[in-house]
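Raw query09.pdb, PDB, C-alpha atoms:
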ATOM      1  CA  MET J   1     107.208 102.402-106.016  1.00  0.00           C
ATOM      2  CA  SER J   2     107.969 100.260-102.977  1.00  0.00           C
ATOM      3  CA  GLU J   3     110.452 101.118-100.270  1.00  0.00           C
ATOM      4  CA  ARG J   4     113.895  99.596-100.283  1.00  0.00           C
ATOM      5  CA  ARG J   5     114.582  96.990 -97.636  1.00  0.00           C
ATOM      6  CA  ASN J   6     116.993  97.829 -94.876  1.00  0.00           C
ATOM      7  CA  GLN J   7     119.754  95.478 -93.762  1.00  0.00           C
ATOM      8  CA  LEU J   8     117.692  93.842 -91.001  1.00  0.00           C
ATOM      9  CA  GLU J   9     114.826  93.149 -93.393  1.00  0.00           C
ATOM     10  CA  ILE J  10     117.202  91.532 -95.891  1.00  0.00           C
ATOM     11  CA  ILE J  11     118.738  89.365 -93.164  1.00  0.00           C
ATOM     12  CA  TYR J  12     115.254  88.398 -92.018  1.00  0.00           C
ATOM     13  CA  ASP J  13     114.234  87.508 -95.594  1.00  0.00           C
ATOM     14  CA  ILE J  14     117.338  85.329 -96.066  1.00  0.00           C
ATOM     15  CA  LEU J  15     116.879  83.481 -92.782  1.00  0.00           C
ATOM     16  CA  GLN J  16     113.135  83.087 -93.326  1.00  0.00           C
ATOM     17  CA  ALA J  17     113.740  81.664 -96.819  1.00  0.00           C
ATOM     18  CA  ILE J  18     116.087  79.058 -95.348  1.00  0.00           C
ATOM     19  CA  GLN J  19     113.651  78.171 -92.570  1.00  0.00           C
ATOM     20  CA  ASP J  20     110.727  77.950 -95.028  1.00  0.00           C
ATOM     21  CA  LYS J  21     112.675  75.315 -96.981  1.00  0.00           C
ATOM     22  CA  GLY J  22     113.025  73.119 -93.895  1.00  0.00           C
ATOM     23  CA  GLY J  23     116.174  74.748 -92.504  1.00  0.00           C
ATOM     24  CA  ILE J  24     118.439  74.025 -95.475  1.00  0.00           C
ATOM     25  CA  ILE J  25     118.482  75.585 -98.954  1.00  0.00           C
ATOM     26  CA  ARG J  26     120.549  75.504-102.136  1.00  0.00           C
ATOM     27  CA  PRO J  27     122.352  78.752-103.050  1.00  0.00           C
ATOM     28  CA  THR J  28     120.368  79.228-106.270  1.00  0.00           C
ATOM     29  CA  HIS J  29     117.046  78.915-104.470  1.00  0.00           C
ATOM     30  CA  LEU J  30     118.218  81.343-101.807  1.00  0.00           C
ATOM     31  CA  LEU J  31     119.252  83.805-104.495  1.00  0.00           C
ATOM     32  CA  TYR J  32     115.746  83.812-105.973  1.00  0.00           C
ATOM     33  CA  LYS J  33     113.906  83.820-102.645  1.00  0.00           C
ATOM     34  CA  SER J  34     115.971  86.646-101.135  1.00  0.00           C
ATOM     35  CA  ASN J  35     115.657  88.797-104.280  1.00  0.00           C
ATOM     36  CA  LEU J  36     119.307  89.901-104.226  1.00  0.00           C
ATOM     37  CA  SER J  37     122.054  90.044-106.802  1.00  0.00           C
ATOM     38  CA  HIS J  38     124.641  87.281-106.592  1.00  0.00           C
ATOM     39  CA  ALA J  39     127.303  89.664-105.264  1.00  0.00           C
ATOM     40  CA  ARG J  40     125.016  91.098-102.565  1.00  0.00           C
ATOM     41  CA  MET J  41     123.844  87.642-101.541  1.00  0.00           C
ATOM     42  CA  LYS J  42     127.456  86.493-101.129  1.00  0.00           C
ATOM     43  CA  GLU J  43     128.137  89.510 -98.875  1.00  0.00           C
ATOM     44  CA  TYR J  44     125.164  88.680 -96.667  1.00  0.00           C
ATOM     45  CA  ILE J  45     126.028  84.963 -96.604  1.00  0.00           C
ATOM     46  CA  GLU J  46     129.526  85.854 -95.395  1.00  0.00           C
ATOM     47  CA  GLN J  47     128.158  88.181 -92.684  1.00  0.00           C
ATOM     48  CA  LEU J  48     125.623  85.645 -91.482  1.00  0.00           C
ATOM     49  CA  SER J  49     128.213  82.855 -91.459  1.00  0.00           C
ATOM     50  CA  VAL J  50     130.650  84.921 -89.388  1.00  0.00           C
ATOM     51  CA  LYS J  51     127.853  85.762 -86.928  1.00  0.00           C
ATOM     52  CA  GLY J  52     126.917  82.097 -86.628  1.00  0.00           C
ATOM     53  CA  MET J  53     123.398  82.480 -88.017  1.00  0.00           C
ATOM     54  CA  ILE J  54     123.904  80.153 -90.987  1.00  0.00           C
ATOM     55  CA  ASP J  55     126.419  77.533 -92.015  1.00  0.00           C
ATOM     56  CA  ALA J  56     127.499  75.914 -95.257  1.00  0.00           C
ATOM     57  CA  ARG J  57     126.618  72.244 -95.619  1.00  0.00           C
ATOM     58  CA  GLU J  58     127.011  69.581 -98.238  1.00  0.00           C
ATOM     59  CA  LYS J  59     124.012  67.439 -99.090  1.00  0.00           C
ATOM     60  CA  ASN J  60     124.031  64.882-101.891  1.00  0.00           C
ATOM     61  CA  GLY J  61     127.348  66.324-103.062  1.00  0.00           C
ATOM     62  CA  LYS J  62     125.910  69.825-103.473  1.00  0.00           C
ATOM     63  CA  GLN J  63     126.406  73.061-101.536  1.00  0.00           C
ATOM     64  CA  HIS J  64     123.580  74.123 -99.208  1.00  0.00           C
ATOM     65  CA  TYR J  65     123.092  76.726 -96.495  1.00  0.00           C
ATOM     66  CA  GLY J  66     121.482  75.844 -93.209  1.00  0.00           C
ATOM     67  CA  ILE J  67     120.047  78.005 -90.470  1.00  0.00           C
ATOM     68  CA  THR J  68     121.591  77.627 -87.009  1.00  0.00           C
ATOM     69  CA  GLU J  69     120.049  78.054 -83.563  1.00  0.00           C
ATOM     70  CA  GLN J  70     121.422  81.616 -83.535  1.00  0.00           C
ATOM     71  CA  GLY J  71     119.627  82.316 -86.829  1.00  0.00           C
ATOM     72  CA  ILE J  72     116.361  80.897 -85.513  1.00  0.00           C
ATOM     73  CA  LYS J  73     116.696  83.058 -82.393  1.00  0.00           C
ATOM     74  CA  PHE J  74     117.148  86.135 -84.606  1.00  0.00           C
ATOM     75  CA  LEU J  75     113.951  85.279 -86.524  1.00  0.00           C
ATOM     76  CA  VAL J  76     111.933  84.904 -83.339  1.00  0.00           C
ATOM     77  CA  ASP J  77     113.266  88.119 -81.809  1.00  0.00           C
ATOM     78  CA  TYR J  78     112.881  90.111 -85.040  1.00  0.00           C
ATOM     79  CA  LYS J  79     109.240  88.999 -85.367  1.00  0.00           C
ATOM     80  CA  LYS J  80     108.565  90.167 -81.793  1.00  0.00           C
ATOM     81  CA  VAL J  81     110.109  93.586 -82.463  1.00  0.00           C
ATOM     82  CA  ARG J  82     108.204  93.951 -85.727  1.00  0.00           C
ATOM     83  CA  GLU J  83     104.909  93.061 -84.051  1.00  0.00           C
ATOM     84  CA  LEU J  84     105.598  95.558 -81.270  1.00  0.00           C
ATOM     85  CA  THR J  85     106.421  98.405 -83.662  1.00  0.00           C
ATOM     86  CA  GLU J  86     103.335  97.647 -85.785  1.00  0.00           C
ATOM     87  CA  ALA J  87     101.139  97.590 -82.659  1.00  0.00           C
ATOM     88  CA  PHE J  88     102.276 101.151 -81.873  1.00  0.00           C
ATOM     89  CA  GLY J  89     102.013 102.277 -85.476  1.00  0.00           C
ATOM     90  CA  LEU J  90     105.729 102.883 -85.876  1.00  0.00           C
TER      91      LEU J  90
END
How would this structure read if it were set down as C-alpha coordinates?
Amino acid sequence: MSERRNQLEIIYDILQAIQDKGGIIRPTHLLYKSNLSHARMKEYIEQLSVKGMIDAREKNGKQHYGITEQGIKFLVDYKKVRELTEAFGL
(Lines of atoms letter the chains of each structure in order from A and count residues from 1; the text may use other names and numbers.)
(Lines give C-alpha, C1' and ligand atoms only; values in the text may rest on other atoms or scores of the structure.)
Protein backbone atom coordinates (compact mmCIF):
# COMPACT_ATOMS: atom_id res chain seq x y z
CA MET A 1 0.00 0.00 0.00
CA SER A 2 1.32 3.46 -0.82
CA GLU A 3 2.06 6.17 1.69
CA ARG A 4 -0.42 8.94 2.30
CA ARG A 5 0.54 12.35 0.99
CA ASN A 6 1.36 15.06 3.46
CA GLN A 7 -0.05 18.58 3.22
CA LEU A 8 2.89 19.97 1.23
CA GLU A 9 2.66 17.15 -1.30
CA ILE A 10 -1.06 17.78 -1.78
CA ILE A 11 -0.46 21.51 -2.26
CA TYR A 12 2.29 20.71 -4.74
CA ASP A 13 0.00 18.32 -6.65
CA ILE A 14 -2.78 20.94 -6.84
CA LEU A 15 -0.46 23.70 -8.04
CA GLN A 16 1.31 21.39 -10.49
CA ALA A 17 -2.04 20.27 -11.93
CA ILE A 18 -2.99 23.90 -12.55
CA GLN A 19 0.38 24.70 -14.12
CA ASP A 20 0.24 21.56 -16.31
CA LYS A 21 -3.05 22.81 -17.76
CA GLY A 22 -1.47 26.10 -18.84
CA GLY A 23 -1.94 27.96 -15.56
CA ILE A 24 -5.74 27.77 -15.44
CA ILE A 25 -8.01 24.80 -14.73
CA ARG A 26 -11.70 24.03 -14.23
CA PRO A 27 -12.70 22.82 -10.74
CA THR A 28 -13.81 19.39 -11.98
CA HIS A 29 -10.50 18.77 -13.73
CA LEU A 30 -8.62 19.88 -10.63
CA LEU A 31 -10.68 17.51 -8.51
CA TYR A 32 -9.66 14.54 -10.66
CA LYS A 33 -6.03 15.57 -11.08
CA SER A 34 -5.46 16.27 -7.37
CA ASN A 35 -7.12 13.00 -6.32
CA LEU A 36 -9.04 14.58 -3.42
CA SER A 37 -12.62 14.47 -2.26
CA HIS A 38 -14.70 17.52 -3.10
CA ALA A 39 -14.74 18.68 0.53
CA ARG A 40 -10.97 18.32 0.94
CA MET A 41 -10.31 20.07 -2.36
CA LYS A 42 -12.48 23.01 -1.28
CA GLU A 43 -10.46 23.28 1.96
CA TYR A 44 -7.18 23.38 0.05
CA ILE A 45 -8.56 25.83 -2.53
CA GLU A 46 -9.56 28.16 0.31
CA GLN A 47 -6.12 27.89 1.95
CA LEU A 48 -4.28 28.48 -1.30
CA SER A 49 -6.51 31.43 -2.19
CA VAL A 50 -5.93 33.09 1.19
CA LYS A 51 -2.17 32.59 0.79
CA GLY A 52 -2.26 34.12 -2.68
CA MET A 53 -1.07 31.01 -4.51
CA ILE A 54 -4.19 30.62 -6.66
CA ASP A 55 -7.13 32.78 -7.63
CA ALA A 56 -10.63 32.19 -8.94
CA ARG A 57 -11.25 33.34 -12.50
CA GLU A 58 -14.12 33.28 -14.93
CA LYS A 59 -13.45 32.11 -18.46
CA ASN A 60 -16.20 31.66 -21.04
CA GLY A 61 -18.76 32.11 -18.26
CA LYS A 62 -17.34 29.21 -16.23
CA GLN A 63 -15.40 29.06 -12.96
CA HIS A 64 -11.66 28.34 -13.22
CA TYR A 65 -8.68 28.44 -10.87
CA GLY A 66 -5.44 30.03 -11.90
CA ILE A 67 -1.97 29.82 -10.43
CA THR A 68 -0.38 33.09 -9.31
CA GLU A 69 3.26 34.16 -9.19
CA GLN A 70 3.31 33.14 -5.52
CA GLY A 71 2.08 29.66 -6.48
CA ILE A 72 4.72 29.32 -9.19
CA LYS A 73 7.40 30.38 -6.69
CA PHE A 74 6.19 27.66 -4.30
CA LEU A 75 6.48 25.03 -7.07
CA VAL A 76 10.03 26.07 -7.92
CA ASP A 77 11.15 26.15 -4.29
CA TYR A 78 9.43 22.86 -3.41
CA LYS A 79 11.12 21.12 -6.36
CA LYS A 80 14.52 22.38 -5.14
CA VAL A 81 13.90 21.10 -1.61
CA ARG A 82 12.68 17.74 -2.91
CA GLU A 83 15.74 17.35 -5.13
CA LEU A 84 18.02 18.22 -2.23
CA THR A 85 16.40 15.72 0.15
CA GLU A 86 16.49 12.98 -2.51
CA ALA A 87 20.18 13.71 -3.21
CA PHE A 88 20.94 13.04 0.47
CA GLY A 89 18.65 10.03 0.63
CA LEU A 90 16.24 11.62 3.07
Contacts of Lys21 (chain J) at 12 Å (only C-alpha atoms; same-chain gap of 2+ positions) as a list in words: Ile14, Leu15, Gln16, Ala17, Ile18, Gln19, Gly23, Ile24, Ile25, Arg26, Pro27, His29, Leu30, Lys33, His64, Tyr65, Gly66 and Ile67 of chain J
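Counting from CA of Ile72 (chain J), the distance to CA of Glu3 (chain J) is 25.7 Å.
Nearest residue to Arg82 (chain J) among J:Tyr12, J:Gln70, J:Gln7, J:Gln63 is J:Tyr12, counting all atoms listed in the file.
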Which residues match the PyMOL selection byres ((chain J and resi 36-52) around 8) in the file above, as a PDB file with C-alpha atoms, in the coordinates of the input?
ATOM      1  CA  ILE J  11     118.738  89.365 -93.164  1.00  0.00           C
ATOM      2  CA  LEU J  31     119.252  83.805-104.495  1.00  0.00           C
ATOM      3  CA  TYR J  32     115.746  83.812-105.973  1.00  0.00           C
ATOM      4  CA  SER J  34     115.971  86.646-101.135  1.00  0.00           C
ATOM      5  CA  ASN J  35     115.657  88.797-104.280  1.00  0.00           C
ATOM      6  CA  MET J  53     123.398  82.480 -88.017  1.00  0.00           C
ATOM      7  CA  ILE J  54     123.904  80.153 -90.987  1.00  0.00           C
ATOM      8  CA  ASP J  55     126.419  77.533 -92.015  1.00  0.00           C
ATOM      9  CA  ALA J  56     127.499  75.914 -95.257  1.00  0.00           C
ATOM     10  CA  THR J  68     121.591  77.627 -87.009  1.00  0.00           C
ATOM     11  CA  GLN J  70     121.422  81.616 -83.535  1.00  0.00           C
ATOM     12  CA  GLY J  71     119.627  82.316 -86.829  1.00  0.00           C
TER      13      GLY J  71
END
For CA of Leu75 (chain J) and CA of Gly61 (chain J), determine how far apart the two atoms are, in Å to one decimal place. 28.5 Å
